[in-house]
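The file data27.cif comes next; it holds mmCIF, C-alpha atoms.
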```cif
data_start
#
loop_
_atom_site.group_PDB
_atom_site.id
_atom_site.type_symbol
_atom_site.label_atom_id
_atom_site.label_comp_id
_atom_site.auth_asym_id
_atom_site.auth_seq_id
_atom_site.Cartn_x
_atom_site.Cartn_y
_atom_site.Cartn_z
ATOM 1 C CA MET A 1 15.304 17.635 -25.111
ATOM 2 C CA THR A 2 11.680 17.349 -26.122
ATOM 3 C CA THR A 3 9.315 16.114 -23.441
ATOM 4 C CA LYS A 4 6.292 13.971 -24.187
ATOM 5 C CA ASN A 5 3.765 15.699 -21.980
ATOM 6 C CA ASN A 6 0.901 17.825 -23.284
ATOM 7 C CA HIS A 7 0.243 19.648 -20.046
ATOM 8 C CA PRO A 8 0.353 23.431 -19.990
ATOM 9 C CA LYS A 9 3.289 25.185 -18.400
ATOM 10 C CA ALA A 10 2.637 27.161 -15.236
ATOM 11 C CA ALA A 11 4.628 29.814 -13.434
ATOM 12 C CA THR A 12 7.013 28.540 -10.754
ATOM 13 C CA VAL A 13 5.220 28.300 -7.429
ATOM 14 C CA SER A 14 6.226 27.680 -3.826
ATOM 15 C CA PHE A 15 5.825 24.323 -2.094
ATOM 16 C CA ARG A 16 3.051 25.745 0.075
ATOM 17 C CA GLN A 17 1.084 26.663 -3.049
ATOM 18 C CA CYS A 18 1.698 23.186 -4.470
ATOM 19 C CA LEU A 19 0.461 21.660 -1.204
ATOM 20 C CA GLN A 20 -2.835 23.549 -1.408
ATOM 21 C CA GLY A 21 -3.783 21.901 -4.693
ATOM 22 C CA THR A 22 -6.532 23.037 -7.048
ATOM 23 C CA TRP A 23 -10.316 22.965 -6.554
ATOM 24 C CA ALA A 24 -10.376 19.787 -8.676
ATOM 25 C CA ASP A 25 -7.861 18.124 -6.319
ATOM 26 C CA ARG A 26 -9.916 19.104 -3.288
ATOM 27 C CA THR A 27 -13.127 17.841 -4.887
ATOM 28 C CA LEU A 28 -11.465 14.542 -5.708
ATOM 29 C CA LEU A 29 -10.116 14.236 -2.152
ATOM 30 C CA PHE A 30 -13.523 15.011 -0.677
ATOM 31 C CA SER A 31 -15.209 12.410 -2.922
ATOM 32 C CA LEU A 32 -12.635 9.780 -2.011
ATOM 33 C CA LEU A 33 -13.023 10.535 1.703
ATOM 34 C CA LEU A 34 -16.808 10.169 1.388
ATOM 35 C CA VAL A 35 -16.482 6.785 -0.322
ATOM 36 C CA ILE A 36 -13.952 5.570 2.264
ATOM 37 C CA ALA A 37 -16.124 6.751 5.177
ATOM 38 C CA PHE A 38 -19.140 4.968 3.677
ATOM 39 C CA LEU A 39 -17.113 1.756 3.234
ATOM 40 C CA TRP A 40 -15.832 2.002 6.791
ATOM 41 C CA LEU A 41 -19.340 2.468 8.223
ATOM 42 C CA GLN A 42 -20.639 -0.491 6.225
ATOM 43 C CA ILE A 43 -17.828 -2.740 7.438
ATOM 44 C CA SER A 44 -18.226 -1.610 11.074
ATOM 45 C CA HIS A 45 -21.954 -2.276 10.910
ATOM 46 C CA THR A 46 -21.391 -5.802 9.550
ATOM 47 C CA LEU A 47 -18.733 -6.600 12.116
ATOM 48 C CA ASN A 48 -20.462 -5.289 15.225
ATOM 49 C CA GLN A 49 -23.067 -8.042 15.252
ATOM 50 C CA GLY A 50 -22.816 -10.745 17.952
ATOM 51 C CA ASN A 51 -20.379 -11.342 20.800
ATOM 52 C CA PRO A 52 -16.701 -10.521 20.287
ATOM 53 C CA THR A 53 -15.143 -13.622 18.773
ATOM 54 C CA ALA A 54 -11.685 -14.289 17.399
ATOM 55 C CA TYR A 55 -11.459 -16.146 14.085
ATOM 56 C CA ILE A 56 -8.135 -17.678 13.069
ATOM 57 C CA TYR A 57 -7.578 -18.501 9.399
ATOM 58 C CA HIS A 58 -4.875 -20.215 7.398
ATOM 59 C CA GLY A 59 -5.365 -19.150 3.791
ATOM 60 C CA ASP A 60 -9.019 -19.861 3.057
ATOM 61 C CA THR A 61 -9.417 -22.357 5.943
ATOM 62 C CA LEU A 62 -10.923 -21.444 9.312
ATOM 63 C CA LEU A 63 -8.600 -23.053 11.873
ATOM 64 C CA ALA A 64 -10.296 -21.952 15.090
ATOM 65 C CA LYS A 65 -12.960 -19.689 16.502
ATOM 66 C CA TYR A 66 -12.905 -18.520 20.148
ATOM 67 C CA PRO A 67 -15.055 -16.000 22.025
ATOM 68 C CA LEU A 68 -12.838 -13.485 23.834
ATOM 69 C CA PRO A 69 -12.785 -14.555 27.520
ATOM 70 C CA ASP A 70 -14.196 -12.230 30.210
ATOM 71 C CA ASP A 71 -12.025 -13.685 32.996
ATOM 72 C CA GLU A 72 -8.259 -14.097 33.459
ATOM 73 C CA ARG A 73 -8.113 -17.210 31.258
ATOM 74 C CA MET A 74 -5.461 -17.218 28.559
ATOM 75 C CA ILE A 75 -5.859 -19.416 25.504
ATOM 76 C CA HIS A 76 -2.887 -20.282 23.295
ATOM 77 C CA VAL A 77 -3.531 -21.498 19.768
ATOM 78 C CA ALA A 78 -0.745 -23.057 17.693
ATOM 79 C CA ALA A 79 -1.680 -22.240 14.097
ATOM 80 C CA GLN A 80 0.204 -24.222 11.471
ATOM 81 C CA GLY A 81 0.971 -22.001 8.490
ATOM 82 C CA GLU A 82 3.077 -22.175 5.310
ATOM 83 C CA ILE A 83 6.454 -21.723 6.976
ATOM 84 C CA GLY A 84 5.808 -22.931 10.536
ATOM 85 C CA ILE A 85 3.682 -22.525 13.634
ATOM 86 C CA SER A 86 2.364 -19.170 14.802
ATOM 87 C CA ASP A 87 1.501 -19.015 18.509
ATOM 88 C CA ILE A 88 -1.605 -16.893 19.037
ATOM 89 C CA GLU A 89 -2.663 -15.756 22.495
ATOM 90 C CA ILE A 90 -6.299 -14.979 23.317
ATOM 91 C CA SER A 91 -7.143 -13.245 26.598
ATOM 92 C CA LYS A 92 -9.565 -10.668 27.940
ATOM 93 C CA ASN A 93 -7.150 -8.002 26.663
ATOM 94 C CA GLY A 94 -7.670 -9.251 23.125
ATOM 95 C CA ILE A 95 -5.755 -11.360 20.679
ATOM 96 C CA ARG A 96 -2.110 -11.172 19.689
ATOM 97 C CA PHE A 97 0.660 -13.103 17.966
ATOM 98 C CA ASP A 98 2.974 -14.421 20.689
ATOM 99 C CA SER A 99 5.491 -15.917 18.274
ATOM 100 C CA SER A 100 5.793 -16.371 14.541
ATOM 101 C CA PRO A 101 8.266 -18.043 12.163
ATOM 102 C CA CYS A 102 8.268 -15.055 9.769
ATOM 103 C CA THR A 103 11.314 -12.801 9.526
ATOM 104 C CA THR A 104 9.622 -9.388 9.536
ATOM 105 C CA HIS A 105 7.533 -10.006 12.709
ATOM 106 C CA HIS A 106 5.019 -7.335 11.700
ATOM 107 C CA CYS A 107 2.327 -9.610 13.162
ATOM 108 C CA ILE A 108 3.970 -9.625 16.609
ATOM 109 C CA LEU A 109 4.690 -5.897 16.458
ATOM 110 C CA ALA A 110 1.003 -5.237 15.714
ATOM 111 C CA GLY A 111 0.384 -5.978 19.417
ATOM 112 C CA SER A 112 -2.921 -6.879 21.019
ATOM 113 C CA LYS A 113 -6.283 -6.215 19.315
ATOM 114 C CA ARG A 114 -9.715 -6.512 20.903
ATOM 115 C CA TYR A 115 -12.173 -4.433 18.882
ATOM 116 C CA ALA A 116 -14.528 -5.642 16.170
ATOM 117 C CA GLY A 117 -12.922 -5.408 12.749
ATOM 118 C CA SER A 118 -9.387 -5.691 14.121
ATOM 119 C CA VAL A 119 -7.239 -7.816 11.858
ATOM 120 C CA ILE A 120 -3.707 -9.112 12.354
ATOM 121 C CA ALA A 121 -2.190 -10.924 9.417
ATOM 122 C CA CYS A 122 1.078 -12.778 9.010
ATOM 123 C CA VAL A 123 1.357 -12.794 5.220
ATOM 124 C CA PRO A 124 4.514 -14.973 4.920
ATOM 125 C CA ASN A 125 2.865 -17.667 7.072
ATOM 126 C CA HIS A 126 -0.623 -17.111 5.503
ATOM 127 C CA ILE A 127 -2.198 -16.776 8.985
ATOM 128 C CA MET A 128 -4.790 -14.148 9.799
ATOM 129 C CA VAL A 129 -6.842 -13.401 12.919
ATOM 130 C CA VAL A 130 -10.008 -11.314 12.857
ATOM 131 C CA ILE A 131 -12.279 -10.111 15.662
ATOM 132 C CA ARG A 132 -15.966 -9.909 14.905
ATOM 133 C CA GLY A 133 -18.700 -8.767 17.313
ATOM 134 C CA SER A 134 -18.748 -5.918 19.823
ATOM 135 C CA ASP A 135 -18.402 -5.530 23.579
ATOM 136 C CA LYS A 136 -21.287 -3.076 23.574
ATOM 137 C CA GLN A 137 -23.781 -5.576 22.211
ATOM 138 C CA ASN A 138 -22.430 -8.228 24.563
ATOM 139 C CA LYS A 139 -23.058 -6.009 27.602
ATOM 140 C CA GLU A 140 -26.516 -5.113 26.362
ATOM 141 C CA SER A 141 -27.413 -8.780 25.976
ATOM 142 C CA ILE A 142 -26.209 -9.520 29.518
ATOM 143 C CA LYS A 143 -28.406 -6.701 30.828
ATOM 144 C CA PHE A 144 -31.379 -8.096 28.932
ATOM 145 C CA ASP A 145 -30.783 -11.557 30.438
ATOM 146 C CA ALA A 146 -30.821 -10.054 33.930
ATOM 147 C CA ILE A 147 -34.129 -8.342 33.259
ATOM 148 C CA SER A 148 -35.687 -11.500 31.885
ATOM 149 C CA GLU A 149 -34.611 -13.444 34.971
ATOM 150 C CA MET B 150 43.826 -15.989 -41.182
ATOM 151 C CA ILE B 151 40.337 -14.608 -41.477
ATOM 152 C CA LYS B 152 40.029 -10.976 -40.622
ATOM 153 C CA HIS B 153 36.794 -10.071 -38.867
ATOM 154 C CA LYS B 154 35.496 -6.765 -39.959
ATOM 155 C CA MET B 155 34.549 -4.743 -36.891
ATOM 156 C CA THR B 156 31.209 -3.071 -37.320
ATOM 157 C CA ILE B 157 30.419 -0.258 -34.952
ATOM 158 C CA PRO B 158 26.688 0.115 -34.343
ATOM 159 C CA PRO B 159 25.366 3.560 -35.217
ATOM 160 C CA ARG B 160 25.357 5.948 -32.303
ATOM 161 C CA PRO B 161 21.840 6.736 -31.056
ATOM 162 C CA PRO B 162 20.703 10.349 -31.431
ATOM 163 C CA LEU B 163 21.629 12.696 -28.597
ATOM 164 C CA ALA B 164 17.975 13.218 -27.648
ATOM 165 C CA VAL B 165 17.550 9.460 -27.100
ATOM 166 C CA LEU B 166 20.724 9.272 -25.013
ATOM 167 C CA GLN B 167 19.530 12.207 -22.929
ATOM 168 C CA GLN B 168 16.170 10.536 -22.346
ATOM 169 C CA GLN B 169 17.902 7.327 -21.309
ATOM 170 C CA SER B 170 20.167 9.179 -18.898
ATOM 171 C CA VAL B 171 17.201 11.007 -17.351
ATOM 172 C CA TRP B 172 15.338 7.689 -17.009
ATOM 173 C CA LEU B 173 18.375 6.088 -15.398
ATOM 174 C CA SER B 174 18.789 8.950 -12.935
ATOM 175 C CA PHE B 175 15.074 8.662 -12.040
ATOM 176 C CA VAL B 176 15.447 4.903 -11.523
ATOM 177 C CA LEU B 177 18.461 5.412 -9.252
ATOM 178 C CA LEU B 178 16.595 8.035 -7.235
ATOM 179 C CA ALA B 179 13.533 5.776 -7.005
ATOM 180 C CA ILE B 180 15.682 2.850 -5.789
ATOM 181 C CA GLY B 181 17.327 5.127 -3.239
ATOM 182 C CA LEU B 182 13.922 6.290 -1.961
ATOM 183 C CA HIS B 183 12.606 2.695 -1.924
ATOM 184 C CA VAL B 184 15.550 1.488 0.194
ATOM 185 C CA PHE B 185 15.473 4.595 2.403
ATOM 186 C CA GLU B 186 11.795 4.094 3.119
ATOM 187 C CA ALA B 187 12.345 0.431 3.969
ATOM 188 C CA ALA B 188 14.976 1.498 6.505
ATOM 189 C CA LEU B 189 12.656 3.993 8.204
ATOM 190 C CA PRO B 190 10.575 2.869 11.187
ATOM 191 C CA SER B 191 7.190 1.760 9.887
ATOM 192 C CA LEU B 192 4.143 3.934 10.603
ATOM 193 C CA GLY B 193 2.306 0.662 11.210
ATOM 194 C CA PRO B 194 1.977 -2.721 9.580
ATOM 195 C CA TRP B 195 0.834 -2.514 5.955
ATOM 196 C CA PHE B 196 1.513 1.183 5.532
ATOM 197 C CA LYS B 197 4.372 2.999 3.868
ATOM 198 C CA PHE B 198 4.485 6.576 2.688
ATOM 199 C CA GLY B 199 5.237 5.606 -0.929
ATOM 200 C CA VAL B 200 7.741 8.362 -1.706
ATOM 201 C CA ALA B 201 9.215 6.297 -4.563
ATOM 202 C CA ASN B 202 5.947 6.879 -6.435
ATOM 203 C CA ILE B 203 7.056 10.517 -6.845
ATOM 204 C CA MET B 204 9.689 9.303 -9.305
ATOM 205 C CA THR B 205 7.099 7.248 -11.238
ATOM 206 C CA LEU B 206 4.958 10.376 -11.535
ATOM 207 C CA LEU B 207 7.891 12.470 -12.737
ATOM 208 C CA ALA B 208 8.923 9.767 -15.222
ATOM 209 C CA LEU B 209 5.387 9.794 -16.601
ATOM 210 C CA MET B 210 5.461 13.575 -17.001
ATOM 211 C CA TYR B 211 8.955 13.800 -18.492
ATOM 212 C CA LEU B 212 9.328 10.594 -20.468
ATOM 213 C CA GLY B 213 5.911 9.018 -20.985
ATOM 214 C CA ALA B 214 3.939 5.931 -20.003
ATOM 215 C CA ARG B 215 6.469 3.278 -21.002
ATOM 216 C CA ALA B 216 9.225 4.921 -18.959
ATOM 217 C CA ALA B 217 6.908 5.126 -15.933
ATOM 218 C CA PHE B 218 6.082 1.404 -16.125
ATOM 219 C CA THR B 219 9.685 0.288 -16.597
ATOM 220 C CA LEU B 220 10.772 2.554 -13.749
ATOM 221 C CA ALA B 221 8.144 1.072 -11.402
ATOM 222 C CA ILE B 222 9.249 -2.486 -12.231
ATOM 223 C CA ALA B 223 12.982 -1.724 -12.094
ATOM 224 C CA ARG B 224 12.843 0.064 -8.752
ATOM 225 C CA VAL B 225 10.873 -2.732 -7.060
ATOM 226 C CA ILE B 226 13.168 -5.479 -8.408
ATOM 227 C CA ILE B 227 16.472 -3.696 -7.720
ATOM 228 C CA GLY B 228 15.222 -2.138 -4.466
ATOM 229 C CA SER B 229 14.148 -5.576 -3.220
ATOM 230 C CA MET B 230 17.637 -6.908 -3.972
ATOM 231 C CA PHE B 231 19.109 -4.263 -1.688
ATOM 232 C CA ILE B 232 16.557 -4.827 1.078
ATOM 233 C CA GLY B 233 16.769 -8.621 0.775
ATOM 234 C CA THR B 234 13.108 -9.254 0.000
ATOM 235 C CA LEU B 235 13.450 -10.411 -3.629
ATOM 236 C CA PHE B 236 10.820 -13.069 -4.491
ATOM 237 C CA THR B 237 9.367 -13.004 -0.952
ATOM 238 C CA PRO B 238 5.664 -12.211 -0.387
ATOM 239 C CA THR B 239 6.683 -8.597 0.326
ATOM 240 C CA PHE B 240 8.242 -8.370 -3.149
ATOM 241 C CA PHE B 241 5.124 -9.594 -4.958
ATOM 242 C CA ILE B 242 2.855 -7.339 -2.907
ATOM 243 C CA SER B 243 5.138 -4.374 -3.555
ATOM 244 C CA LEU B 244 5.337 -5.116 -7.302
ATOM 245 C CA THR B 245 1.546 -5.409 -7.584
ATOM 246 C CA GLY B 246 1.120 -2.113 -5.740
ATOM 247 C CA ALA B 247 3.677 -0.298 -7.897
ATOM 248 C CA LEU B 248 2.173 -1.636 -11.146
ATOM 249 C CA SER B 249 -1.379 -0.798 -10.044
ATOM 250 C CA ALA B 250 -0.295 2.748 -9.193
ATOM 251 C CA ALA B 251 1.549 3.170 -12.508
ATOM 252 C CA THR B 252 -1.427 1.793 -14.483
ATOM 253 C CA VAL B 253 -3.884 4.177 -12.827
ATOM 254 C CA MET B 254 -1.498 7.113 -13.297
ATOM 255 C CA VAL B 255 -1.121 6.359 -17.021
ATOM 256 C CA ILE B 256 -4.853 5.780 -17.613
ATOM 257 C CA PHE B 257 -5.917 9.046 -15.938
ATOM 258 C CA TYR B 258 -3.035 10.994 -17.482
ATOM 259 C CA LYS B 259 -4.158 9.886 -20.939
ATOM 260 C CA LEU B 260 -7.888 10.291 -20.251
ATOM 261 C CA ILE B 261 -7.764 13.716 -18.595
ATOM 262 C CA PRO B 262 -5.077 15.872 -20.289
ATOM 263 C CA HIS B 263 -5.055 18.668 -17.666
ATOM 264 C CA ILE B 264 -5.190 16.511 -14.553
ATOM 265 C CA SER B 265 -2.896 17.787 -11.793
ATOM 266 C CA LEU B 266 -0.080 15.801 -10.252
ATOM 267 C CA ILE B 267 -1.848 15.835 -6.867
ATOM 268 C CA SER B 268 -4.956 14.200 -8.359
ATOM 269 C CA LEU B 269 -2.812 11.660 -10.184
ATOM 270 C CA SER B 270 -0.892 10.906 -7.012
ATOM 271 C CA LEU B 271 -4.100 10.570 -4.954
ATOM 272 C CA LEU B 272 -5.567 8.082 -7.420
ATOM 273 C CA ALA B 273 -2.261 6.214 -7.641
ATOM 274 C CA ALA B 274 -2.020 5.963 -3.849
ATOM 275 C CA ILE B 275 -5.528 4.503 -3.649
ATOM 276 C CA ALA B 276 -4.713 2.070 -6.487
ATOM 277 C CA HIS B 277 -1.431 1.117 -4.806
ATOM 278 C CA MET B 278 -3.116 0.212 -1.533
ATOM 279 C CA SER B 279 -6.080 -1.546 -3.180
ATOM 280 C CA GLY B 280 -3.750 -3.482 -5.500
ATOM 281 C CA GLN B 281 -1.716 -4.697 -2.554
ATOM 282 C CA PHE B 282 -4.824 -5.938 -0.759
ATOM 283 C CA ILE B 283 -6.062 -7.726 -3.884
ATOM 284 C CA ALA B 284 -2.629 -9.399 -4.189
ATOM 285 C CA VAL B 285 -2.700 -10.526 -0.548
ATOM 286 C CA GLU B 286 -6.257 -11.849 -0.870
ATOM 287 C CA THR B 287 -5.473 -13.643 -4.160
ATOM 288 C CA TRP B 288 -2.135 -15.258 -3.323
ATOM 289 C CA PHE B 289 -1.646 -15.410 0.416
ATOM 290 C CA ILE B 290 -4.719 -15.137 2.647
ATOM 291 C CA GLN B 291 -7.862 -16.037 0.718
ATOM 292 C CA GLN B 292 -10.210 -14.334 3.164
ATOM 293 C CA PRO B 293 -12.347 -11.313 2.268
ATOM 294 C CA ALA B 294 -11.995 -10.330 5.958
ATOM 295 C CA ILE B 295 -8.600 -8.891 5.021
ATOM 296 C CA TYR B 296 -10.479 -5.958 3.466
ATOM 297 C CA TYR B 297 -11.608 -4.874 6.973
ATOM 298 C CA LEU B 298 -8.178 -3.258 7.205
ATOM 299 C CA LEU B 299 -8.616 -1.352 3.977
ATOM 300 C CA PRO B 300 -10.659 1.809 4.916
ATOM 301 C CA PRO B 301 -8.256 3.208 7.566
ATOM 302 C CA LEU B 302 -5.303 2.494 5.305
ATOM 303 C CA LEU B 303 -7.046 4.181 2.375
ATOM 304 C CA LEU B 304 -7.458 7.267 4.555
ATOM 305 C CA LEU B 305 -3.720 7.286 5.236
ATOM 306 C CA SER B 306 -3.116 6.724 1.506
ATOM 307 C CA CYS B 307 -5.095 9.887 0.744
ATOM 308 C CA VAL B 308 -2.802 11.865 3.041
ATOM 309 C CA SER B 309 0.388 10.344 1.627
ATOM 310 C CA GLY B 310 -0.911 10.628 -1.967
ATOM 311 C CA TRP B 311 -1.666 14.323 -1.510
ATOM 312 C CA ILE B 312 1.748 15.110 0.000
ATOM 313 C CA ASN B 313 3.630 13.033 -2.605
ATOM 314 C CA GLY B 314 1.655 14.759 -5.359
ATOM 315 C CA ALA B 315 2.541 18.173 -3.929
ATOM 316 C CA ILE B 316 6.236 17.222 -3.787
ATOM 317 C CA ALA B 317 6.116 15.901 -7.376
ATOM 318 C CA SER B 318 4.315 19.051 -8.492
ATOM 319 C CA TYR B 319 6.945 21.248 -6.818
ATOM 320 C CA ILE B 320 9.817 19.336 -8.464
ATOM 321 C CA TRP B 321 8.003 19.385 -11.820
ATOM 322 C CA GLN B 322 7.533 23.171 -11.630
ATOM 323 C CA ARG B 323 11.211 23.648 -10.830
ATOM 324 C CA LEU B 324 12.763 21.243 -13.287
ATOM 325 C CA LYS B 325 10.496 21.057 -16.318
ATOM 326 C CA ASP B 326 12.434 23.673 -18.259
ATOM 327 C CA ASP B 327 15.872 22.383 -17.270
ATOM 328 C CA ILE B 328 15.696 18.737 -18.310
#
```
Using structure tokens, write down the structure that the file contains.
Amino acid sequence: MTTKNNHPKAATVSFRQCLQGTWADRTLLFSLLLVIAFLWLQISHTLNQGNPTAYIYHGDTLLAKYPLPDDERMIHVAAQGEIGISDIEISKNGIRFDSSPCTTHHCILAGSKRYAGSVIACVPNHIMVVIRGSDKQNKESIKFDAISE
Amino acid sequence: MIKHKMTIPPRPPLAVLQQQSVWLSFVLLAIGLHVFEAALPSLGPWFKFGVANIMTLLALMYLGARAAFTLAIARVIIGSMFIGTLFTPTFFISLTGALSAATVMVIFYKLIPHISLISLSLLAAIAHMSGQFIAVETWFIQQPAIYYLLPPLLLLSCVSGWINGAIASYIWQRLKDDI
């Protein structure tokens, strides 16, 4: 059978040799890692501004926005999505999906998130929660208030 | 009584039949890998290892661009039937990812004749993940904030792309003279 590829034939090699790749592969990997690291830094920098706040979206609509509580308070938000209501719990430990009408329950299994840039999305129900702002900046601002008093 | 004359269509050449059988065996393997991966415990929401892309890569090398595209579409559609996700959001996200990966593979394969399978797989893995995020942002959650998740998942895609490329390269080295 004639194959359609134009690539040169090489001697049979072991899997370990295949895993090492060529210098071109390593250069490509290094370049990709650099781009990803740069993207990640940019996103972290954008997100770390302000107090930690949870944003709850349905599609392109912002349903609710809550600062993460410092005390033992627990806020429950019923977010109406495409296929039903997702119950979202906000506490000092972070934000998590308590219940969801989706079948996969990836959103519930994602657990609790509290750091800036954390995202939990329930794609079937079109609901997404995002945390923006950092604890570090929050603490620094509290310290500054104390000094100014 | 009218007698219908039976006309037997001409038999396709053996080379064509062989190509079709190789394509079919690749599709079956890809479906098997797709279903197997769905049954495995997830490494986290949004991330899968993408082992079925190995078969798309091999189809591209053995049979060409058209075979790679049809394989990617067939394995997502038939695989989704087995998993029970046909026409759900998961299906559309998966199809977009598979098509993005196949498109990038074909473009770079045609543009750079001596590109290695690891490089192709790396680029395909990045395209797969990015394509899925674009699909989610376009059809399901119209919030750019969804891209906050992208960088860590792209890092994992690099790892999975490299390993899948190495596996594809190993299989290619072993089988290229036999098929």
Exercise for the section: Step by step, work through what the PyMOL selection byres ((chain A and resi 53) around 8) selects in the shown file, and finish by giving those residues as a PyMOL selection string. Expected result: chain A and resi 51-52+54-55+65-68+131-133
Problem - Non-local contacts of B:Ile275 (7 Å; only C-alpha atoms; under 3 positions in same chain excluded) as a count of residues only - result: 7
Problem - Test item: residues at most 9 Å from B:Trp321, only C-alpha atoms, excluding those fewer than 2 positions along its chain, as number ranges by chain - result: B: 207, 210-211, 266, 316-319, 323-326
Practice task
Could you tell me which residues the PyMOL selection byres ((chain B and resi 181-183) around 10) grabs in this file, written as a PyMOL selection string?
Solution key: chain B and resi 175-180+184-188+199-204+224-225+227-229+231-232
With the file shown as input, list the residues that the PyMOL selection byres ((chain B) within 7 of (chain A)) selects, as a short mmCIF file (atom, residue, chain, number, x, y, z; two decimals) with C-alpha atoms, keeping the file's coordinate frame.
```cif
data_model
loop_
_atom_site.label_atom_id
_atom_site.label_comp_id
_atom_site.auth_asym_id
_atom_site.auth_seq_id
_atom_site.Cartn_x
_atom_site.Cartn_y
_atom_site.Cartn_z
CA ALA B 164 17.98 13.22 -27.65
CA PRO B 194 1.98 -2.72 9.58
CA MET B 210 5.46 13.58 -17.00
CA TYR B 211 8.96 13.80 -18.49
CA LEU B 212 9.33 10.59 -20.47
CA GLY B 213 5.91 9.02 -20.98
CA PRO B 238 5.66 -12.21 -0.39
CA PRO B 262 -5.08 15.87 -20.29
CA HIS B 263 -5.06 18.67 -17.67
CA ILE B 267 -1.85 15.84 -6.87
CA SER B 268 -4.96 14.20 -8.36
CA PHE B 289 -1.65 -15.41 0.42
CA ILE B 290 -4.72 -15.14 2.65
CA GLN B 291 -7.86 -16.04 0.72
CA GLN B 292 -10.21 -14.33 3.16
CA TYR B 297 -11.61 -4.87 6.97
CA LEU B 298 -8.18 -3.26 7.20
CA PRO B 300 -10.66 1.81 4.92
CA ILE B 312 1.75 15.11 0.00
CA ALA B 315 2.54 18.17 -3.93
CA SER B 318 4.32 19.05 -8.49
CA TYR B 319 6.94 21.25 -6.82
CA GLN B 322 7.53 23.17 -11.63
CA ARG B 323 11.21 23.65 -10.83
CA ILE B 328 15.70 18.74 -18.31
#
```
Handout entry: Nearest to A:Thr103, chosen from A:Thr46, A:Arg73, A:Ser91, A:Ile83, with all atoms listed in the file counted in the distances
Key =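 Checking each candidate against A:Thr103, we get A:Ile83 as the closest.
You will find atom CA of B:Thr219 at 24.6 Å from atom CA of B:Pro158.
Of the listed residues B:Leu163, B:Ala208, B:Ile295, B:Ile256, the one whose atoms come nearest to B:Ala221 is B:Ala208, with distances taken using only C-alpha atoms.
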Exercise for the section: Kindly indicate which residue among A:Arg96, A:Ile90, A:Ile108, A:Pro101 lies nearest to A:Asp70, using all atoms listed in the file for the distances. Expected result: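 Among the listed residues, the smallest separation from A:Asp70 belongs to A:Ile90.
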